[in-house]
file query.txt (compact mmCIF, C-alpha atoms)
# COMPACT_ATOMS: atom_id res chain seq x y z
CA MET A 1 103.53 102.71 116.80
CA ASN A 2 103.35 99.21 118.15
CA GLY A 3 102.55 99.18 121.86
CA PHE A 4 105.06 96.46 122.78
CA PRO A 5 106.25 96.44 126.43
CA SER A 6 109.43 98.33 127.13
CA SER A 7 112.53 96.17 126.79
CA ARG A 8 115.28 98.61 125.84
CA PRO A 9 118.53 96.67 126.30
CA ASP A 10 120.41 99.56 127.88
CA GLY A 11 117.78 99.79 130.63
CA ALA A 12 114.84 102.00 131.54
CA LEU A 13 116.80 104.00 134.10
CA SER A 14 119.49 105.21 131.70
CA THR A 15 117.01 106.22 129.00
CA ALA A 16 114.83 108.01 131.55
CA VAL A 17 117.87 110.03 132.64
CA ALA A 18 118.95 110.81 129.09
CA PHE A 19 115.44 111.57 127.82
CA PRO A 20 113.36 112.81 130.78
CA LEU A 21 110.69 114.43 128.60
CA GLY A 22 110.22 111.21 126.68
CA ALA A 23 110.07 109.25 129.92
CA SER A 24 107.18 111.41 131.14
CA THR A 25 105.27 111.40 127.85
CA THR A 26 102.13 109.28 127.77
CA LEU A 27 100.31 107.88 124.77
CA ALA A 28 97.06 109.21 126.24
CA GLU A 29 98.49 112.74 126.14
CA LEU A 30 99.60 112.31 122.53
CA ALA A 31 96.14 111.06 121.57
CA ARG A 32 94.27 113.84 123.35
CA ASP A 33 96.29 117.02 122.73
CA PRO A 34 99.81 116.29 121.48
CA HIS A 35 100.93 119.72 120.37
CA PRO A 36 102.30 121.23 123.63
CA ARG A 37 104.23 118.04 124.42
CA LEU A 38 105.53 117.67 120.87
CA ALA A 39 106.77 121.28 120.96
CA ARG A 40 108.75 120.58 124.14
CA LEU A 41 110.19 117.37 122.73
CA ARG A 42 111.13 119.06 119.46
CA ALA A 43 112.94 121.86 121.31
CA HIS A 44 114.78 119.72 123.85
CA GLU A 45 114.68 116.05 122.80
CA PRO A 46 114.02 116.02 119.03
CA VAL A 47 114.71 112.28 119.00
CA SER A 48 113.48 110.95 122.32
CA TRP A 49 113.01 107.50 123.84
CA LEU A 50 109.40 106.98 124.99
CA PRO A 51 109.00 104.00 127.34
CA GLU A 52 105.25 103.84 126.69
CA LEU A 53 106.01 103.56 122.98
CA ASN A 54 109.02 101.30 123.48
CA GLY A 55 110.67 103.30 120.74
CA TRP A 56 112.07 106.59 119.55
CA LEU A 57 109.86 109.53 118.62
CA VAL A 58 111.24 111.99 116.05
CA THR A 59 109.68 115.46 116.13
CA ARG A 60 112.07 117.75 114.23
CA ARG A 61 111.40 118.14 110.52
CA ASP A 62 114.97 117.72 109.22
CA LEU A 63 115.44 114.53 111.24
CA ALA A 64 112.02 113.27 110.14
CA LEU A 65 113.13 113.69 106.53
CA ASP A 66 116.37 111.83 107.24
CA VAL A 67 114.40 108.84 108.50
CA MET A 68 111.78 108.77 105.72
CA ARG A 69 114.34 109.18 102.93
CA ASP A 70 116.65 106.41 104.12
CA SER A 71 114.73 103.15 103.66
CA VAL A 72 117.98 101.18 103.91
CA THR A 73 118.64 102.26 107.51
CA PHE A 74 115.02 102.82 108.55
CA THR A 75 112.72 100.20 107.07
CA VAL A 76 109.01 99.37 107.21
CA ASP A 77 109.79 95.71 106.48
CA ASP A 78 109.52 94.34 110.00
CA PRO A 79 107.13 91.76 111.50
CA ARG A 80 105.97 94.34 114.06
CA PHE A 81 104.52 96.63 111.37
CA THR A 82 100.88 96.83 112.42
CA THR A 83 99.04 97.09 109.09
CA ALA A 84 100.91 94.11 107.66
CA ARG A 85 99.80 92.06 110.66
CA VAL A 86 96.19 92.60 109.58
CA VAL A 87 96.32 92.53 105.75
CA GLY A 88 99.69 90.96 104.93
CA PRO A 89 102.67 92.32 102.93
CA SER A 90 101.95 95.29 100.66
CA MET A 91 103.56 98.43 99.26
CA LEU A 92 103.06 99.94 102.73
CA SER A 93 105.16 97.33 104.52
CA LEU A 94 107.90 96.50 102.00
CA ASP A 95 111.05 98.29 100.92
CA GLY A 96 113.47 98.16 97.99
CA ALA A 97 112.67 96.15 94.88
CA GLU A 98 109.67 94.42 96.45
CA HIS A 99 108.17 97.76 97.44
CA ALA A 100 108.58 99.04 93.87
CA ARG A 101 107.01 95.86 92.45
CA HIS A 102 103.93 96.24 94.67
CA ARG A 103 103.59 100.01 94.26
CA GLU A 104 104.12 100.54 90.54
CA PRO A 105 100.89 98.89 89.27
CA PHE A 106 98.91 101.28 91.47
CA ALA A 107 100.93 104.46 90.89
CA ALA A 108 100.26 105.48 87.28
CA PRO A 109 96.53 106.36 87.62
CA PHE A 110 97.29 108.74 90.48
CA ARG A 111 99.68 111.09 88.70
CA PRO A 112 98.38 114.70 88.68
CA ARG A 113 97.04 114.98 85.12
CA ARG A 114 95.46 111.53 85.16
CA VAL A 115 93.84 112.25 88.52
CA HIS A 116 92.17 115.39 87.19
CA ASP A 117 91.11 113.84 83.90
CA GLY A 118 89.96 110.58 85.46
CA PHE A 119 88.24 111.68 88.66
CA ALA A 120 87.28 115.37 88.67
CA ASP A 121 83.83 114.89 87.13
CA PHE A 122 83.02 111.89 89.34
CA ILE A 123 84.07 113.78 92.49
CA GLU A 124 81.94 116.79 91.51
CA ARG A 125 78.87 114.59 90.91
CA GLU A 126 79.29 112.59 94.09
CA THR A 127 79.91 115.72 96.17
CA ASP A 128 76.77 117.38 94.82
CA ARG A 129 74.71 114.22 95.35
CA LEU A 130 75.72 114.08 99.02
CA ILE A 131 75.11 117.80 99.57
CA THR A 132 71.68 117.60 97.91
CA ALA A 133 70.65 114.92 100.39
CA LEU A 134 71.78 117.07 103.33
CA GLU A 135 70.75 120.51 102.11
CA PRO A 136 67.11 120.80 103.33
CA ALA A 137 67.88 119.93 106.95
CA GLY A 138 70.00 122.98 107.82
CA ALA A 139 72.19 120.85 110.09
CA ALA A 140 74.30 117.71 109.82
CA GLU A 141 77.22 115.75 111.17
CA LEU A 142 79.61 116.00 108.23
CA ARG A 143 82.27 113.43 109.02
CA ARG A 144 80.08 110.35 108.64
CA THR A 145 77.33 111.74 106.39
CA PHE A 146 79.61 113.53 103.94
CA ALA A 147 83.40 113.18 104.24
CA GLY A 148 83.43 109.42 104.85
CA PRO A 149 80.90 108.50 102.13
CA LEU A 150 82.66 110.73 99.60
CA ALA A 151 86.03 109.13 100.36
CA VAL A 152 84.55 105.63 100.10
CA ALA A 153 82.81 106.36 96.81
CA VAL A 154 85.97 107.79 95.24
CA VAL A 155 88.33 105.03 96.39
CA THR A 156 85.84 102.36 95.24
CA GLU A 157 85.61 104.08 91.86
CA ALA A 158 89.40 104.43 91.69
CA LEU A 159 90.00 100.74 92.37
CA GLY A 160 87.14 99.59 90.16
CA LEU A 161 85.84 97.33 92.95
CA VAL A 162 82.59 95.71 91.81
CA GLY A 163 79.61 94.31 93.70
CA THR A 164 79.95 96.48 96.82
CA THR A 165 78.11 99.39 98.41
CA THR A 166 79.42 102.45 100.22
CA ASP A 167 78.06 101.13 103.52
CA THR A 168 79.80 97.77 103.06
CA VAL A 169 83.17 99.31 102.19
CA LEU A 170 82.91 101.75 105.09
CA ALA A 171 82.16 98.86 107.48
CA TRP A 172 85.21 96.95 106.22
CA TYR A 173 87.34 100.04 106.64
CA ASP A 174 86.11 100.70 110.19
CA ALA A 175 86.86 97.13 111.25
CA ILE A 176 90.34 97.08 109.71
CA VAL A 177 91.23 100.47 111.24
CA ARG A 178 90.04 99.27 114.65
CA SER A 179 92.25 96.18 114.44
CA VAL A 180 95.31 98.21 113.41
CA SER A 181 94.66 100.74 116.19
CA ASP A 182 94.20 98.00 118.80
CA ILE A 183 97.49 96.36 117.85
CA THR A 184 99.22 99.75 117.88
CA GLU A 185 97.98 100.40 121.41
CA GLY A 186 99.18 96.99 122.60
CA LEU A 187 95.69 95.48 122.79
CA THR A 188 94.48 92.17 121.44
CA ALA A 189 92.60 92.81 118.21
CA GLY A 190 89.22 91.13 117.91
CA PRO A 191 87.99 89.01 114.98
CA ALA A 192 86.17 91.83 113.18
CA GLY A 193 89.26 93.15 111.36
CA PRO A 194 90.38 89.82 109.87
CA ALA A 195 86.76 89.01 108.97
CA ALA A 196 86.38 92.34 107.18
CA TYR A 197 89.62 91.79 105.31
CA ALA A 198 88.47 88.33 104.24
CA GLU A 199 85.32 89.88 102.77
CA LEU A 200 87.35 92.58 101.04
CA ARG A 201 89.71 89.98 99.62
CA ALA A 202 86.77 88.00 98.25
CA ALA A 203 85.43 91.16 96.56
CA VAL A 204 88.86 91.85 95.07
CA GLU A 205 89.11 88.30 93.77
CA ALA A 206 85.64 88.57 92.20
CA THR A 207 86.65 91.82 90.51
CA VAL A 208 89.93 90.39 89.23
CA ALA A 209 88.16 87.30 87.90
CA ASP A 210 86.51 89.46 85.24
CA ARG A 211 89.58 90.12 83.13
CA ASP A 212 87.58 92.37 80.78
CA ALA A 213 86.55 94.78 83.56
CA ALA A 214 87.95 98.31 83.44
CA SER A 215 89.53 98.08 86.88
CA LEU A 216 92.83 99.09 88.38
CA LEU A 217 92.70 95.78 90.26
CA VAL A 218 92.49 93.81 87.01
CA ALA A 219 95.45 95.75 85.63
CA ALA A 220 97.44 95.10 88.82
CA ALA A 221 96.65 91.39 88.63
CA GLY A 222 98.79 91.19 85.52
CA ARG A 223 101.84 91.84 87.70
CA LEU A 224 100.85 90.68 91.19
CA ASP A 225 99.24 87.52 92.50
CA ALA A 226 95.74 87.54 94.00
CA ALA A 227 96.90 87.87 97.62
CA GLU A 228 99.19 90.77 96.69
CA VAL A 229 96.43 92.57 94.78
CA ALA A 230 94.12 92.17 97.78
CA SER A 231 96.64 93.43 100.35
CA ASN A 232 97.47 96.47 98.24
CA ALA A 233 93.80 97.15 97.58
CA ALA A 234 93.29 97.09 101.35
CA VAL A 235 96.03 99.65 102.02
CA MET A 236 94.83 101.82 99.12
CA MET A 237 91.34 101.73 100.57
CA PHE A 238 92.66 102.23 104.09
CA GLY A 239 94.75 105.23 103.04
CA GLY A 240 92.21 106.64 100.61
CA ILE A 241 89.37 106.67 103.10
CA GLU A 242 91.39 107.60 106.19
CA THR A 243 93.38 110.36 104.51
CA THR A 244 90.47 111.99 102.72
CA GLU A 245 87.88 111.70 105.47
CA ALA A 246 90.38 113.26 107.87
CA MET A 247 91.48 115.92 105.37
CA ILE A 248 87.94 117.11 104.69
CA THR A 249 86.84 116.97 108.33
CA ASN A 250 89.94 118.68 109.72
CA ALA A 251 89.92 121.35 107.00
CA LEU A 252 86.28 122.16 107.75
CA LEU A 253 87.08 122.34 111.45
CA HIS A 254 89.99 124.72 110.83
CA LEU A 255 88.16 126.95 108.33
CA LEU A 256 84.82 127.17 110.12
CA GLY A 257 86.59 127.65 113.43
CA ASP A 258 88.45 130.72 112.14
CA PRO A 259 85.98 133.24 110.66
CA GLY A 260 88.76 135.58 109.53
CA GLN A 261 90.50 132.90 107.47
CA LEU A 262 87.15 131.64 106.17
CA ALA A 263 86.33 135.14 104.95
CA LEU A 264 89.64 135.27 103.06
CA VAL A 265 88.85 132.01 101.27
CA GLN A 266 85.31 133.11 100.45
CA ALA A 267 86.63 136.36 99.01
CA ASP A 268 89.38 134.65 97.01
CA SER A 269 88.76 131.04 95.94
CA GLY A 270 92.41 130.83 94.91
CA LEU A 271 93.24 130.55 98.61
CA LEU A 272 91.40 127.24 98.87
CA ASP A 273 94.59 125.33 98.00
CA GLY A 274 96.39 127.17 100.78
CA ALA A 275 93.63 126.30 103.23
CA VAL A 276 93.94 122.61 102.38
CA GLU A 277 97.74 122.58 102.74
CA GLU A 278 97.62 124.58 105.94
CA SER A 279 95.07 122.24 107.48
CA LEU A 280 97.23 119.26 106.50
CA ARG A 281 100.16 120.97 108.18
CA LEU A 282 98.35 121.75 111.41
CA GLU A 283 96.63 118.40 111.82
CA PRO A 284 97.73 115.60 109.48
CA GLY A 285 95.22 112.77 109.44
CA ALA A 286 98.02 110.26 109.98
CA ALA A 287 99.98 111.57 112.96
CA VAL A 288 102.95 109.20 112.76
CA VAL A 289 104.76 106.79 110.46
CA ASP A 290 106.79 103.90 111.80
CA ARG A 291 110.21 102.65 110.76
CA TYR A 292 112.60 100.07 112.24
CA ALA A 293 116.36 100.51 112.39
CA THR A 294 118.27 97.94 110.35
CA ARG A 295 121.62 98.80 111.98
CA ASP A 296 123.09 100.77 114.86
CA THR A 297 123.14 104.43 113.89
CA VAL A 298 123.12 107.96 115.25
CA LEU A 299 120.05 110.12 114.67
CA GLY A 300 120.36 113.62 116.07
CA PRO A 301 121.09 113.23 119.78
CA ALA A 302 120.15 109.56 119.89
CA ALA A 303 122.16 106.37 119.54
CA VAL A 304 119.63 104.16 117.78
CA ARG A 305 120.19 100.43 117.93
CA ARG A 306 119.42 97.83 115.32
CA GLY A 307 115.80 96.69 115.68
CA ASP A 308 114.63 99.84 117.49
CA LEU A 309 111.29 101.31 116.55
CA VAL A 310 111.72 104.82 115.15
CA SER A 311 108.37 106.60 114.97
CA VAL A 312 108.27 109.85 112.99
CA SER A 313 105.79 112.40 114.31
CA LEU A 314 104.42 114.08 111.19
CA THR A 315 102.38 116.22 113.55
CA GLY A 316 105.54 117.40 115.32
CA ALA A 317 107.53 117.94 112.11
CA ASN A 318 104.70 119.99 110.61
CA ARG A 319 104.93 122.57 113.40
CA ASP A 320 108.71 122.91 113.42
CA PRO A 321 109.36 126.65 113.98
CA ALA A 322 112.64 126.36 112.06
CA VAL A 323 110.49 125.95 108.93
CA PHE A 324 107.06 127.35 109.79
CA SER A 325 106.84 130.77 111.43
CA ASP A 326 104.24 131.06 114.19
CA PRO A 327 103.59 127.34 113.63
CA ASP A 328 100.43 126.97 115.73
CA ARG A 329 98.53 129.58 113.71
CA PHE A 330 96.17 128.65 110.85
CA ASP A 331 97.12 130.89 107.92
CA VAL A 332 95.65 130.15 104.48
CA ARG A 333 98.22 132.50 102.91
CA ARG A 334 101.24 130.78 104.47
CA ALA A 335 103.93 130.65 101.76
CA GLU A 336 105.70 127.56 103.15
CA ALA A 337 102.56 125.46 103.76
CA ARG A 338 103.46 123.06 100.91
CA LEU A 339 106.49 121.96 102.94
CA GLN A 340 104.15 120.01 105.23
CA LEU A 341 104.75 116.27 105.49
CA ALA A 342 101.20 114.98 105.97
CA PHE A 343 101.63 112.55 103.07
CA ALA A 344 105.01 111.35 104.40
CA HIS A 345 108.11 111.59 102.20
CA GLY A 346 110.58 109.45 100.31
CA PRO A 347 109.74 106.03 98.86
CA HIS A 348 106.54 105.78 100.90
CA HIS A 349 105.07 109.16 99.98
CA CYS A 350 101.31 108.64 99.67
CA VAL A 351 100.60 107.26 96.20
CA ALA A 352 97.16 108.94 95.98
CA ALA A 353 98.04 112.32 97.50
CA HIS A 354 96.88 114.23 94.40
CA LEU A 355 93.52 112.48 94.46
CA ALA A 356 93.03 113.27 98.17
CA ARG A 357 93.84 116.91 97.53
CA LEU A 358 91.39 117.10 94.62
CA GLU A 359 88.60 115.53 96.68
CA THR A 360 89.16 117.94 99.54
CA ARG A 361 89.27 121.03 97.34
CA VAL A 362 86.06 120.07 95.56
CA ALA A 363 84.33 119.15 98.82
CA LEU A 364 85.20 122.43 100.54
CA ARG A 365 84.33 124.56 97.51
CA ARG A 366 80.93 122.98 96.95
CA LEU A 367 79.98 122.96 100.65
CA LEU A 368 80.78 126.68 100.94
CA GLU A 369 78.97 127.48 97.70
CA ARG A 370 75.83 125.50 98.37
CA LEU A 371 75.32 125.82 102.14
CA PRO A 372 74.99 129.54 102.99
CA GLY A 373 76.18 130.54 106.42
CA LEU A 374 77.90 127.19 106.98
CA ARG A 375 79.22 127.21 110.55
CA LEU A 376 80.17 124.94 113.42
CA ASP A 377 77.36 124.00 115.79
CA PRO A 378 78.37 125.78 119.04
CA ALA A 379 76.31 123.35 121.09
CA ARG A 380 78.36 120.38 119.87
CA PRO A 381 82.06 121.33 119.86
CA ALA A 382 84.61 119.20 118.03
CA ALA A 383 88.33 118.55 118.40
CA PRO A 384 90.75 116.15 116.70
CA TYR A 385 91.57 113.03 118.68
CA GLY A 386 93.74 109.99 118.08
CA LEU A 387 97.19 108.54 118.63
CA VAL A 388 97.84 107.40 115.07
CA PHE A 389 94.89 108.77 113.06
CA ARG A 390 93.67 112.21 114.08
CA LYS A 391 90.29 113.79 113.34
CA PRO A 392 87.16 114.73 115.28
CA ALA A 393 84.86 111.88 116.21
CA ALA A 394 82.06 114.02 114.78
CA LEU A 395 81.73 117.43 113.13
CA HIS A 396 78.33 119.01 113.68
CA VAL A 397 77.51 122.03 111.54
CA ARG A 398 74.57 124.27 110.70
CA TRP A 399 73.67 126.44 107.72
CA ASP A 400 70.87 128.74 106.58
CA THR A 401 67.96 127.18 104.74
CA PRO A 402 65.47 129.34 102.74
CA ALA A 403 63.02 129.32 105.65
CA ARG A 404 65.68 130.74 107.98
CA ARG A 405 67.05 133.48 105.74
call {"tool": "encode", "arguments": {"input": "query.txt", "output": "structure tokens"}}
result
Amino acid sequence: MNGFPSSRPDGALSTAVAFPLGASTTLAELARDPHPRLARLRAHEPVSWLPELNGWLVTRRDLALDVMRDSVTFTVDDPRFTTARVVGPSMLSLDGAEHARHREPFAAPFRPRRVHDGFADFIERETDRLITALEPAGAAELRRTFAGPLAVAVVTEALGLVGTTTDTVLAWYDAIVRSVSDITEGLTAGPAGPAAYAELRAAVEATVADRDAASLLVAAAGRLDAAEVASNAAVMMFGGIETTEAMITNALLHLLGDPGQLALVQADSGLLDGAVEESLRLEPGAAVVDRYATRDTVLGPAAVRRGDLVSVSLTGANRDPAVFSDPDRFDVRRAEARLQLAFAHGPHHCVAAHLARLETRVALRRLLERLPGLRLDPARPAAPYGLVFRKPAALHVRWDTPARR
């Protein structure tokens, strides 16, 4: 999303008549509780013009796939693309041969077998270290004391970034996310995001300078220049932290908020994969992905014009009743859960999806094993929130310590 003022060339009146649901949809509603509105749009205006967005919103799964698969007609390579405005061109904001050139140096370490062999032990150790620090208290806020630090530690390890701490990386990430979100919402981003990126770039350059270091960044520097390595490191960090922190937090919220489904997982650990996929389906951490039309085209009921923003609602597509029966229900045994699109699709499918899944599975398993009676704190309820990135602001939980058993 980009937050630019509405300037549709065929006029606000005609689009309001053709897409009345879109005309009455607000970004505040989509940030707060999007699901009822997305269901109405999907049923009646599956590609709808939203004046507040100044673009099209796609909510039906088949049409979402059409957009994400066709990078020739629907591109990310546009000066309005928000992340590129903060960190510069990267695999996230390029298409075609340039996209492949930026992505390939980072792709090989994140294939399934290499993810397990390269990261499983580290994730187990880091997960246990974080839980050990929390365990005696019997209560914690898990998003910022567990999910976020775990995601930061793993992405820092994956990139081989030297000379940084978890707190520093998390501060960079927060500042960059805030800048991207501000631009998306049509606000003027402050200096904190660019300053954080400058510090990150300096850390990347220091890492790359040691050509003997065992670092993914050093390997990438053999094929990309320093600015390209830094921009791609930023989007890897951005995606790795955002995706995994949201995955863990949302999955905990779904599982702990549904005692019946939690009991199924505790009785059969094989259902943990299903719980992760189902949580991704119900509440993807990244709610939308943006594309820009390169030519006039027809998409479902919409006549899309060259240059139009086409925003794919992954949240809407993931609850399409044509694919997912009873789509608003959390069901860890759902057979079609793997059809969710939380990691996008096509050329821009998340490069580290397997790593994010592994982190989330390990995190959930060890939390449930080590914290007896783990449950949501009823005095501090949580709900996902966000226009682009969706997760609870905080997730307060309690568990039974020896003194309380």
call {"tool": "axis_aligned_box", "arguments": {"input": "query.txt", "around": "range 52-62 of chain A", "padding_each_side": "8 Å", "output": "lines of an AutoDock Vina configuration file"}}
result
center_x = 110.1
center_y = 109.7
center_z = 118.0
size_x = 25.7
size_y = 32.8
size_z = 33.5
call {"tool": "residues_near_point", "arguments": {"input": "query.txt", "point": "(119.6, 115.9, 113.8)", "cutoff": "7 Å", "atoms": "all atoms listed in the file", "output": "tab-separated table (two decimals) with C-alpha atoms, in the frame of the given file"}}
result
chain	number	residue	atom	x	y	z
A	62	ASP	CA	114.97	117.72	109.22
A	63	LEU	CA	115.44	114.53	111.24
A	299	LEU	CA	120.05	110.12	114.67
A	300	GLY	CA	120.36	113.62	116.07
A	301	PRO	CA	121.09	113.23	119.78
call {"tool": "residues_around", "arguments": {"input": "query.txt", "residues": "range 178-182 of chain A", "least_positions_apart": "6", "cutoff": "6 Å", "atoms": "all atoms listed in the file", "output": "list in words"}}
result
Thr82, Thr83, Ala189 and Gly193 of chain A
call {"tool": "residues_near_point", "arguments": {"input": "query.txt", "point": "(91.5, 85.6, 105.4)", "cutoff": "12 Å", "atoms": "all atoms listed in the file", "output": "PyMOL selection string"}}
result
chain A and resi 85-88+191-202+227+230-231
call {"tool": "residues_around", "arguments": {"input": "query.txt", "residues": "range 373-385 of chain A", "least_positions_apart": "3", "cutoff": "7 Å", "atoms": "only C-alpha atoms", "output": "list in words"}}
result
Ala31, Arg32, Leu256, Gly257, Leu368, Arg390, Lys391, Pro392, Ala394, Leu395, His396, Val397, Arg398, Trp399 and Asp400 of chain A
call {"tool": "closest_residue", "arguments": {"input": "query.txt", "among": "A:Val362, A:Ala140, A:Leu170, A:Leu280", "to": "Phe330 in chain A", "atoms": "all atoms listed in the file"}}
result
A:Leu280
call {"tool": "atom_distance", "arguments": {"input": "query.txt", "atom1": "CA of Val17 in chain A", "atom2": "CA of Thr75 in chain A"}}
result
27.9 Å
call {"tool": "residues_around", "arguments": {"input": "query.txt", "residues": "Thr401 in chain A", "least_positions_apart": "5", "cutoff": "10 Å", "atoms": "all atoms listed in the file", "output": "PyMOL selection string"}}
result
chain A and resi 135-139+371-373
call {"tool": "closest_residue", "arguments": {"input": "query.txt", "among": "A:Thr15, A:Thr145, A:Asn54, A:Thr59", "to": "Ala317 in chain A", "atoms": "all atoms listed in the file"}}
result
A:Thr59
call {"tool": "residues_around", "arguments": {"input": "query.txt", "residues": "Ala64 in chain A", "least_positions_apart": "4", "cutoff": "8 Å", "atoms": "only C-alpha atoms", "output": "number ranges by chain"}}
result
A: 58-60, 68, 312-314, 317
call {"tool": "write_last_selection", "arguments": {"input": "query.txt", "atoms": "C-alpha atoms", "output": "CSV table (one decimal), in the coordinates of the input"}}
result
chain,number,residue,atom,x,y,z
A,58,VAL,CA,111.2,112.0,116.0
A,59,THR,CA,109.7,115.5,116.1
A,60,ARG,CA,112.1,117.8,114.2
A,68,MET,CA,111.8,108.8,105.7
A,312,VAL,CA,108.3,109.8,113.0
A,313,SER,CA,105.8,112.4,114.3
A,314,LEU,CA,104.4,114.1,111.2
A,317,ALA,CA,107.5,117.9,112.1
call {"tool": "residues_around", "arguments": {"input": "query.txt", "residues": "Thr166 in chain A", "least_positions_apart": "5", "cutoff": "7 Å", "atoms": "all atoms listed in the file", "output": "ChimeraX atom specification"}}
result
/A:149,152-153
call {"tool": "atom_distance", "arguments": {"input": "query.txt", "atom1": "CA of Ile176 in chain A", "atom2": "CA of Leu367 in chain A"}}
result
29.3 Å
call {"tool": "atom_distance", "arguments": {"input": "query.txt", "atom1": "CA of Leu309 in chain A", "atom2": "CA of Leu387 in chain A"}}
result
16.0 Å
call {"tool": "closest_residue", "arguments": {"input": "query.txt", "among": "A:Ala356, A:Arg144, A:Gly186, A:His35", "to": "Asp174 in chain A", "atoms": "all atoms listed in the file"}}
result
A:Arg144
call {"tool": "closest_residue", "arguments": {"input": "query.txt", "among": "A:Gly285, A:Leu21, A:Pro347, A:Glu369", "to": "Ala267 in chain A", "atoms": "only C-alpha atoms"}}
result
A:Glu369
call {"tool": "decode", "arguments": {"input": "query.txt", "residues": "range 47-70 of chain A", "atoms": "C-alpha atoms", "output": "CSV table (one decimal), in the first residue's frame"}}
result
chain,number,residue,atom,x,y,z
A,47,VAL,CA,-11.2,-6.7,-7.2
A,48,SER,CA,-12.3,-3.4,-5.8
A,49,TRP,CA,-11.2,0.2,-6.1
A,50,LEU,CA,-10.5,1.7,-2.7
A,51,PRO,CA,-10.2,5.6,-2.8
A,52,GLU,CA,-8.4,5.6,0.6
A,53,LEU,CA,-5.8,3.3,-0.9
A,54,ASN,CA,-5.8,5.0,-4.3
A,55,GLY,CA,-5.6,1.5,-5.8
A,56,TRP,CA,-7.2,-1.9,-6.3
A,57,LEU,CA,-7.6,-4.4,-3.6
A,58,VAL,CA,-7.7,-8.1,-4.6
A,59,THR,CA,-9.3,-10.4,-2.1
A,60,ARG,CA,-10.2,-13.7,-4.0
A,61,ARG,CA,-7.5,-16.4,-4.0
A,62,ASP,CA,-7.5,-17.3,-7.7
A,63,LEU,CA,-7.2,-13.6,-8.7
A,64,ALA,CA,-4.5,-13.1,-6.0
A,65,LEU,CA,-2.5,-15.9,-7.6
A,66,ASP,CA,-3.0,-14.4,-11.1
A,67,VAL,CA,-1.4,-11.2,-9.9
A,68,MET,CA,1.5,-12.7,-8.0
A,69,ARG,CA,2.4,-15.1,-10.8
A,70,ASP,CA,2.5,-12.5,-13.5
